[in-house]
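One structure is given here, and the rest of the page talks about it.
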Amino acid sequence: MKVVRWILGQVILLLDALTSPKPVAREVSAQKVIDDVTASMAMYQFKTCPFCVKVRRELKRHSLNIELRDAKNDLDIKSELVREGGRHKVPCLRTDNADGTVHWLYESNDIIEHLKKQFKLV
Ligand SMILES: N[C@@H](CCC(=O)N[C@@H](CS)C(=O)NCC(=O)O)C(=O)O
């Protein structure tokens with residue numbers, strides 16, 4: 001079962017690499033405005049999780065530079081997600097707000113919609 005899962009994971013990564021979206025190119029100043037906002041975000045994820053791949057592809061397509069945190073192999077990251085986010089489920093988008101509060105958003109579709117809305121992406 002572990003071997004089958006590993007093979008499936010590799011197939012997902014290969015397909016993702018072969019069909020990787022082209023990142024949107026923005027003016028340097030426009031990209032900086034977005035980078036300044038995404039600097040306060042992090043996505044907890046597993047490398048071969050298909051839902052995480054889906055979100056990562058959207059991040060790439062829209063040139064959103066969001067830090068990726070490995071919640072499978074990094075035990076500190078994993079326990080941070082469970083302790084602060086509430087669940088060991090990925091993908092999960094963390095946003096550290098200026099007022100010190102932290103917002104945790106689970107569900108791949110919700111994360112994509114949230115980012116599209118926040119950055120007015122099409
Ligand atoms: N409906 C969720 C599904 C996410 C999901 O099932 N993620 C799996 C990994 S592919 C997970 O976090 N499983 C928990 C675990 O393995 O501990 C989404 O679209 O984000």
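Ligands are numbered from 1 in the order shown, chains are lettered A, B, ... in the order of the structure tokens, and residues start at 1 in each chain.
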Hey, which bits of chain A sit within 12 Å of ligand 1, and for each residue what's the closest pair of atoms and how far apart in Å (one decimal), counting only C-alpha atoms and all ligand atoms, rows by chain and increasing number, as a tab-separated table?
```
residue	atom	partner	partner_atom_place_in_ligand_line	distance
A:Arg5	CA	ligand 1	10 (S)	10.9
A:Leu8	CA	ligand 1	10 (S)	11.6
A:Gly9	CA	ligand 1	10 (S)	10.0
A:Ile12	CA	ligand 1	10 (S)	11.5
A:Met43	CA	ligand 1	20 (O)	11.6
A:Tyr44	CA	ligand 1	12 (O)	9.6
A:Gln45	CA	ligand 1	12 (O)	7.9
A:Phe46	CA	ligand 1	9 (C)	6.9
A:Lys47	CA	ligand 1	10 (S)	9.3
A:Thr48	CA	ligand 1	10 (S)	7.5
A:Cys49	CA	ligand 1	10 (S)	4.0
A:Pro50	CA	ligand 1	10 (S)	5.8
A:Phe51	CA	ligand 1	19 (O)	5.3
A:Cys52	CA	ligand 1	10 (S)	7.2
A:Val53	CA	ligand 1	10 (S)	9.3
A:Lys54	CA	ligand 1	19 (O)	8.9
A:Val55	CA	ligand 1	20 (O)	8.8
A:Arg56	CA	ligand 1	20 (O)	11.9
A:Asp70	CA	ligand 1	12 (O)	11.6
A:Ala71	CA	ligand 1	17 (O)	9.0
A:Lys72	CA	ligand 1	16 (O)	8.0
A:Asn73	CA	ligand 1	17 (O)	11.4
A:Lys78	CA	ligand 1	17 (O)	9.4
A:Ser79	CA	ligand 1	17 (O)	11.4
A:Leu81	CA	ligand 1	12 (O)	10.9
A:Val82	CA	ligand 1	17 (O)	10.0
A:Arg87	CA	ligand 1	14 (C)	8.4
A:His88	CA	ligand 1	17 (O)	5.3
A:Lys89	CA	ligand 1	12 (O)	3.3
A:Val90	CA	ligand 1	12 (O)	3.9
A:Pro91	CA	ligand 1	20 (O)	5.4
A:Cys92	CA	ligand 1	20 (O)	7.5
A:Leu93	CA	ligand 1	20 (O)	10.3
A:Leu105	CA	ligand 1	20 (O)	9.6
A:Tyr106	CA	ligand 1	20 (O)	6.2
A:Glu107	CA	ligand 1	20 (O)	3.4
A:Ser108	CA	ligand 1	20 (O)	3.8
A:Asn109	CA	ligand 1	19 (O)	5.9
A:Asp110	CA	ligand 1	20 (O)	8.1
A:Ile111	CA	ligand 1	20 (O)	8.3
A:Ile112	CA	ligand 1	19 (O)	10.0
A:Glu113	CA	ligand 1	19 (O)	11.9
```
Near Arg26 of chain A, within 12 Å and counting only C-alpha atoms, which residues show up once chain neighbours fewer than 3 positions away are dropped, as a list in words?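 Contacts, with the query itself left out: Pro23, Ser29, Ala30, Gln31, Lys32, Val33, Ile34, Asp35, Arg61, His62, Ser63 and Leu64 of chain A.
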Limited to N, CA, C and O atoms, could you put the picked residues into a file as a CSV table (one decimal), in the first residue's frame?
```csv
chain,number,residue,atom,x,y,z
A,23,PRO,N,3.7,31.2,-15.2
A,23,PRO,CA,3.4,32.3,-14.3
A,23,PRO,C,3.1,33.6,-15.0
A,23,PRO,O,3.7,33.9,-16.0
A,29,SER,N,6.7,46.8,-9.8
A,29,SER,CA,6.1,47.5,-8.6
A,29,SER,C,4.8,46.8,-8.2
A,29,SER,O,4.5,46.6,-7.1
A,30,ALA,N,4.0,46.3,-9.2
A,30,ALA,CA,2.8,45.6,-8.9
A,30,ALA,C,3.1,44.3,-8.2
A,30,ALA,O,2.4,43.9,-7.3
A,31,GLN,N,4.1,43.6,-8.7
A,31,GLN,CA,4.5,42.3,-8.0
A,31,GLN,C,4.9,42.5,-6.6
A,31,GLN,O,4.6,41.7,-5.7
A,32,LYS,N,5.6,43.7,-6.4
A,32,LYS,CA,6.1,43.9,-5.0
A,32,LYS,C,5.0,44.2,-4.1
A,32,LYS,O,5.0,43.8,-2.9
A,33,VAL,N,3.9,44.8,-4.6
A,33,VAL,CA,2.7,45.1,-3.7
A,33,VAL,C,2.2,43.7,-3.3
A,33,VAL,O,1.8,43.6,-2.1
A,34,ILE,N,2.1,42.8,-4.2
A,34,ILE,CA,1.5,41.5,-3.9
A,34,ILE,C,2.5,40.7,-3.0
A,34,ILE,O,2.1,40.1,-2.0
A,35,ASP,N,3.8,40.8,-3.3
A,35,ASP,CA,4.8,40.1,-2.5
A,35,ASP,C,4.8,40.5,-1.0
A,35,ASP,O,4.9,39.8,-0.1
A,61,ARG,N,0.6,29.9,-11.2
A,61,ARG,CA,-0.1,30.6,-12.3
A,61,ARG,C,-0.2,32.1,-12.1
A,61,ARG,O,-0.1,32.9,-12.9
A,62,HIS,N,-0.5,32.4,-10.8
A,62,HIS,CA,-0.8,33.8,-10.5
A,62,HIS,C,0.4,34.5,-9.9
A,62,HIS,O,0.3,35.6,-9.3
A,63,SER,N,1.6,33.8,-9.9
A,63,SER,CA,2.8,34.4,-9.4
A,63,SER,C,2.6,34.9,-7.9
A,63,SER,O,3.0,36.0,-7.6
A,64,LEU,N,2.0,34.0,-7.1
A,64,LEU,CA,1.9,34.4,-5.7
A,64,LEU,C,3.0,33.7,-4.9
A,64,LEU,O,3.0,32.4,-4.9
```
Enumerate, as a list in words, the complete set of residues in chain A that a backbone-based DSSP assignment places in strand (DSSP E or B). Met41, Ala42, Met43, Tyr44, Gln45, Glu67, Leu68, Arg69, Asp70, Cys92, Leu93, Arg94, Thr95, Asp96, Val102, His103, Trp104, Leu105 and Tyr106 of chain A
Go ahead and dump the residues you just picked, N, CA and C atoms, as a PDB file, in the first residue's frame.
```pdb
ATOM      1  N   MET A  41       1.963  35.214   4.626  1.00  0.00           N
ATOM      2  CA  MET A  41       1.197  33.975   4.444  1.00  0.00           C
ATOM      3  C   MET A  41       2.125  32.764   4.365  1.00  0.00           C
ATOM      4  N   ALA A  42       1.578  31.619   4.706  1.00  0.00           N
ATOM      5  CA  ALA A  42       2.312  30.354   4.546  1.00  0.00           C
ATOM      6  C   ALA A  42       1.306  29.260   4.248  1.00  0.00           C
ATOM      7  N   MET A  43       1.695  28.354   3.378  1.00  0.00           N
ATOM      8  CA  MET A  43       0.791  27.237   3.103  1.00  0.00           C
ATOM      9  C   MET A  43       1.386  25.938   3.639  1.00  0.00           C
ATOM     10  N   TYR A  44       0.622  25.301   4.529  1.00  0.00           N
ATOM     11  CA  TYR A  44       1.012  24.011   5.082  1.00  0.00           C
ATOM     12  C   TYR A  44       0.548  22.967   4.080  1.00  0.00           C
ATOM     13  N   GLN A  45       1.434  22.062   3.721  1.00  0.00           N
ATOM     14  CA  GLN A  45       1.110  21.149   2.632  1.00  0.00           C
ATOM     15  C   GLN A  45       1.920  19.869   2.684  1.00  0.00           C
ATOM     16  N   GLU A  67       5.152  31.122   1.083  1.00  0.00           N
ATOM     17  CA  GLU A  67       6.037  30.103   1.662  1.00  0.00           C
ATOM     18  C   GLU A  67       5.291  28.777   1.820  1.00  0.00           C
ATOM     19  N   LEU A  68       5.951  27.690   1.434  1.00  0.00           N
ATOM     20  CA  LEU A  68       5.356  26.358   1.580  1.00  0.00           C
ATOM     21  C   LEU A  68       5.977  25.676   2.795  1.00  0.00           C
ATOM     22  N   ARG A  69       5.117  25.108   3.653  1.00  0.00           N
ATOM     23  CA  ARG A  69       5.616  24.413   4.850  1.00  0.00           C
ATOM     24  C   ARG A  69       5.222  22.937   4.787  1.00  0.00           C
ATOM     25  N   ASP A  70       6.198  22.081   4.970  1.00  0.00           N
ATOM     26  CA  ASP A  70       6.008  20.634   4.850  1.00  0.00           C
ATOM     27  C   ASP A  70       5.402  20.059   6.136  1.00  0.00           C
ATOM     28  N   CYS A  92      -3.501  24.025   3.957  1.00  0.00           N
ATOM     29  CA  CYS A  92      -4.041  25.001   4.896  1.00  0.00           C
ATOM     30  C   CYS A  92      -3.234  26.302   4.724  1.00  0.00           C
ATOM     31  N   LEU A  93      -3.946  27.383   4.528  1.00  0.00           N
ATOM     32  CA  LEU A  93      -3.285  28.680   4.338  1.00  0.00           C
ATOM     33  C   LEU A  93      -3.303  29.450   5.654  1.00  0.00           C
ATOM     34  N   ARG A  94      -2.104  29.836   6.094  1.00  0.00           N
ATOM     35  CA  ARG A  94      -1.978  30.626   7.306  1.00  0.00           C
ATOM     36  C   ARG A  94      -1.702  32.078   6.940  1.00  0.00           C
ATOM     37  N   THR A  95      -2.419  32.999   7.576  1.00  0.00           N
ATOM     38  CA  THR A  95      -2.155  34.423   7.371  1.00  0.00           C
ATOM     39  C   THR A  95      -1.917  35.073   8.722  1.00  0.00           C
ATOM     40  N   ASP A  96      -0.749  35.682   8.878  1.00  0.00           N
ATOM     41  CA  ASP A  96      -0.432  36.415  10.103  1.00  0.00           C
ATOM     42  C   ASP A  96      -0.817  37.870   9.889  1.00  0.00           C
ATOM     43  N   VAL A 102      -4.001  35.403  13.879  1.00  0.00           N
ATOM     44  CA  VAL A 102      -3.630  34.476  12.807  1.00  0.00           C
ATOM     45  C   VAL A 102      -4.898  33.841  12.249  1.00  0.00           C
ATOM     46  N   HIS A 103      -4.977  33.825  10.934  1.00  0.00           N
ATOM     47  CA  HIS A 103      -6.151  33.243  10.271  1.00  0.00           C
ATOM     48  C   HIS A 103      -5.734  31.945   9.583  1.00  0.00           C
ATOM     49  N   TRP A 104      -6.491  30.878   9.836  1.00  0.00           N
ATOM     50  CA  TRP A 104      -6.188  29.572   9.243  1.00  0.00           C
ATOM     51  C   TRP A 104      -7.307  29.207   8.300  1.00  0.00           C
ATOM     52  N   LEU A 105      -6.954  28.868   7.076  1.00  0.00           N
ATOM     53  CA  LEU A 105      -7.980  28.518   6.092  1.00  0.00           C
ATOM     54  C   LEU A 105      -7.675  27.146   5.484  1.00  0.00           C
ATOM     55  N   TYR A 106      -8.588  26.201   5.726  1.00  0.00           N
ATOM     56  CA  TYR A 106      -8.472  24.853   5.156  1.00  0.00           C
ATOM     57  C   TYR A 106      -9.330  24.782   3.889  1.00  0.00           C
TER      58      TYR A 106
END
```
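Between Asn65 of chain A and the residues A:Ala98, A:Val37, A:Lys2, A:Ala17, the shortest atom-to-atom distance, using only C-alpha atoms, involves A:Val37.
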List as number ranges by chain the protein and nucleic acid residues near Pro21 of chain A, meaning an atom at most 10 Å away when only C-alpha atoms are counted, but skip any in the same chain fewer than 3 places from it. A: 16-18, 24, 57-62
Dump all heavy atoms for the selected residues as an mmCIF file, in the first residue's frame?
```
data_model
loop_
_atom_site.group_PDB
_atom_site.id
_atom_site.type_symbol
_atom_site.label_atom_id
_atom_site.label_comp_id
_atom_site.auth_asym_id
_atom_site.auth_seq_id
_atom_site.Cartn_x
_atom_site.Cartn_y
_atom_site.Cartn_z
ATOM 1 N N ASP A 16 2.299 17.016 -12.900
ATOM 2 C CA ASP A 16 2.332 18.432 -12.530
ATOM 3 C C ASP A 16 3.500 19.138 -13.220
ATOM 4 O O ASP A 16 3.347 20.223 -13.780
ATOM 5 C CB ASP A 16 2.445 18.548 -10.999
ATOM 6 C CG ASP A 16 2.532 19.995 -10.545
ATOM 7 O OD1 ASP A 16 1.838 20.844 -11.143
ATOM 8 O OD2 ASP A 16 3.293 20.290 -9.608
ATOM 9 N N ALA A 17 4.664 18.484 -13.205
ATOM 10 C CA ALA A 17 5.848 19.100 -13.826
ATOM 11 C C ALA A 17 5.659 19.245 -15.337
ATOM 12 O O ALA A 17 6.043 20.261 -15.928
ATOM 13 C CB ALA A 17 7.083 18.256 -13.518
ATOM 14 N N LEU A 18 5.034 18.218 -15.955
ATOM 15 C CA LEU A 18 4.868 18.237 -17.412
ATOM 16 C C LEU A 18 3.834 19.259 -17.875
ATOM 17 O O LEU A 18 3.877 19.720 -19.011
ATOM 18 C CB LEU A 18 4.455 16.844 -17.919
ATOM 19 C CG LEU A 18 5.527 15.758 -17.831
ATOM 20 C CD1 LEU A 18 4.950 14.404 -18.257
ATOM 21 C CD2 LEU A 18 6.739 16.113 -18.694
ATOM 22 N N VAL A 24 2.116 34.320 -14.434
ATOM 23 C CA VAL A 24 1.791 35.630 -14.978
ATOM 24 C C VAL A 24 2.965 36.589 -14.675
ATOM 25 O O VAL A 24 3.582 36.485 -13.609
ATOM 26 C CB VAL A 24 0.455 36.152 -14.386
ATOM 27 C CG1 VAL A 24 0.577 36.466 -12.914
ATOM 28 C CG2 VAL A 24 -0.015 37.391 -15.122
ATOM 29 N N ARG A 57 -0.356 24.933 -8.046
ATOM 30 C CA ARG A 57 -0.439 25.336 -9.454
ATOM 31 C C ARG A 57 -1.082 26.713 -9.597
ATOM 32 O O ARG A 57 -0.659 27.521 -10.415
ATOM 33 C CB ARG A 57 -1.233 24.292 -10.261
ATOM 34 C CG ARG A 57 -0.489 22.976 -10.400
ATOM 35 C CD ARG A 57 -1.379 21.916 -11.036
ATOM 36 N NE ARG A 57 -1.683 22.228 -12.414
ATOM 37 C CZ ARG A 57 -0.945 21.869 -13.460
ATOM 38 N NH1 ARG A 57 0.170 21.187 -13.265
ATOM 39 N NH2 ARG A 57 -1.306 22.172 -14.682
ATOM 40 N N GLU A 58 -2.074 26.991 -8.775
ATOM 41 C CA GLU A 58 -2.717 28.308 -8.805
ATOM 42 C C GLU A 58 -1.748 29.389 -8.311
ATOM 43 O O GLU A 58 -1.702 30.495 -8.840
ATOM 44 C CB GLU A 58 -3.995 28.312 -7.959
ATOM 45 C CG GLU A 58 -5.143 27.561 -8.591
ATOM 46 C CD GLU A 58 -5.520 28.112 -9.970
ATOM 47 O OE1 GLU A 58 -5.900 29.283 -10.059
ATOM 48 O OE2 GLU A 58 -5.405 27.363 -10.957
ATOM 49 N N LEU A 59 -0.973 29.048 -7.287
ATOM 50 C CA LEU A 59 0.024 30.007 -6.781
ATOM 51 C C LEU A 59 1.016 30.338 -7.902
ATOM 52 O O LEU A 59 1.360 31.506 -8.117
ATOM 53 C CB LEU A 59 0.781 29.439 -5.578
ATOM 54 C CG LEU A 59 -0.028 29.089 -4.326
ATOM 55 C CD1 LEU A 59 0.909 28.635 -3.207
ATOM 56 C CD2 LEU A 59 -0.868 30.264 -3.866
ATOM 57 N N LYS A 60 1.427 29.291 -8.599
ATOM 58 C CA LYS A 60 2.404 29.508 -9.673
ATOM 59 C C LYS A 60 1.778 30.309 -10.812
ATOM 60 O O LYS A 60 2.355 31.283 -11.285
ATOM 61 C CB LYS A 60 2.920 28.159 -10.190
ATOM 62 C CG LYS A 60 3.988 28.332 -11.240
ATOM 63 C CD LYS A 60 4.687 27.051 -11.597
ATOM 64 C CE LYS A 60 5.784 27.347 -12.618
ATOM 65 N NZ LYS A 60 6.319 26.137 -13.208
ATOM 66 N N ARG A 61 0.566 29.901 -11.232
ATOM 67 C CA ARG A 61 -0.114 30.575 -12.340
ATOM 68 C C ARG A 61 -0.248 32.074 -12.076
ATOM 69 O O ARG A 61 -0.069 32.899 -12.948
ATOM 70 C CB ARG A 61 -1.517 29.963 -12.502
ATOM 71 C CG ARG A 61 -2.292 30.453 -13.717
ATOM 72 C CD ARG A 61 -3.765 30.008 -13.662
ATOM 73 N NE ARG A 61 -3.972 28.637 -13.248
ATOM 74 C CZ ARG A 61 -3.822 27.583 -14.043
ATOM 75 N NH1 ARG A 61 -3.471 27.750 -15.279
ATOM 76 N NH2 ARG A 61 -4.034 26.378 -13.580
ATOM 77 N N HIS A 62 -0.547 32.426 -10.821
ATOM 78 C CA HIS A 62 -0.789 33.827 -10.487
ATOM 79 C C HIS A 62 0.438 34.510 -9.871
ATOM 80 O O HIS A 62 0.327 35.620 -9.349
ATOM 81 C CB HIS A 62 -1.982 33.937 -9.533
ATOM 82 C CG HIS A 62 -3.264 33.466 -10.157
ATOM 83 N ND1 HIS A 62 -3.868 34.127 -11.194
ATOM 84 C CD2 HIS A 62 -4.033 32.381 -9.914
ATOM 85 C CE1 HIS A 62 -4.963 33.479 -11.558
ATOM 86 N NE2 HIS A 62 -5.086 32.412 -10.801
#
```
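Atom CA of Ile66 of chain A is found 24.3 Å from atom CA of Val11 of chain A.
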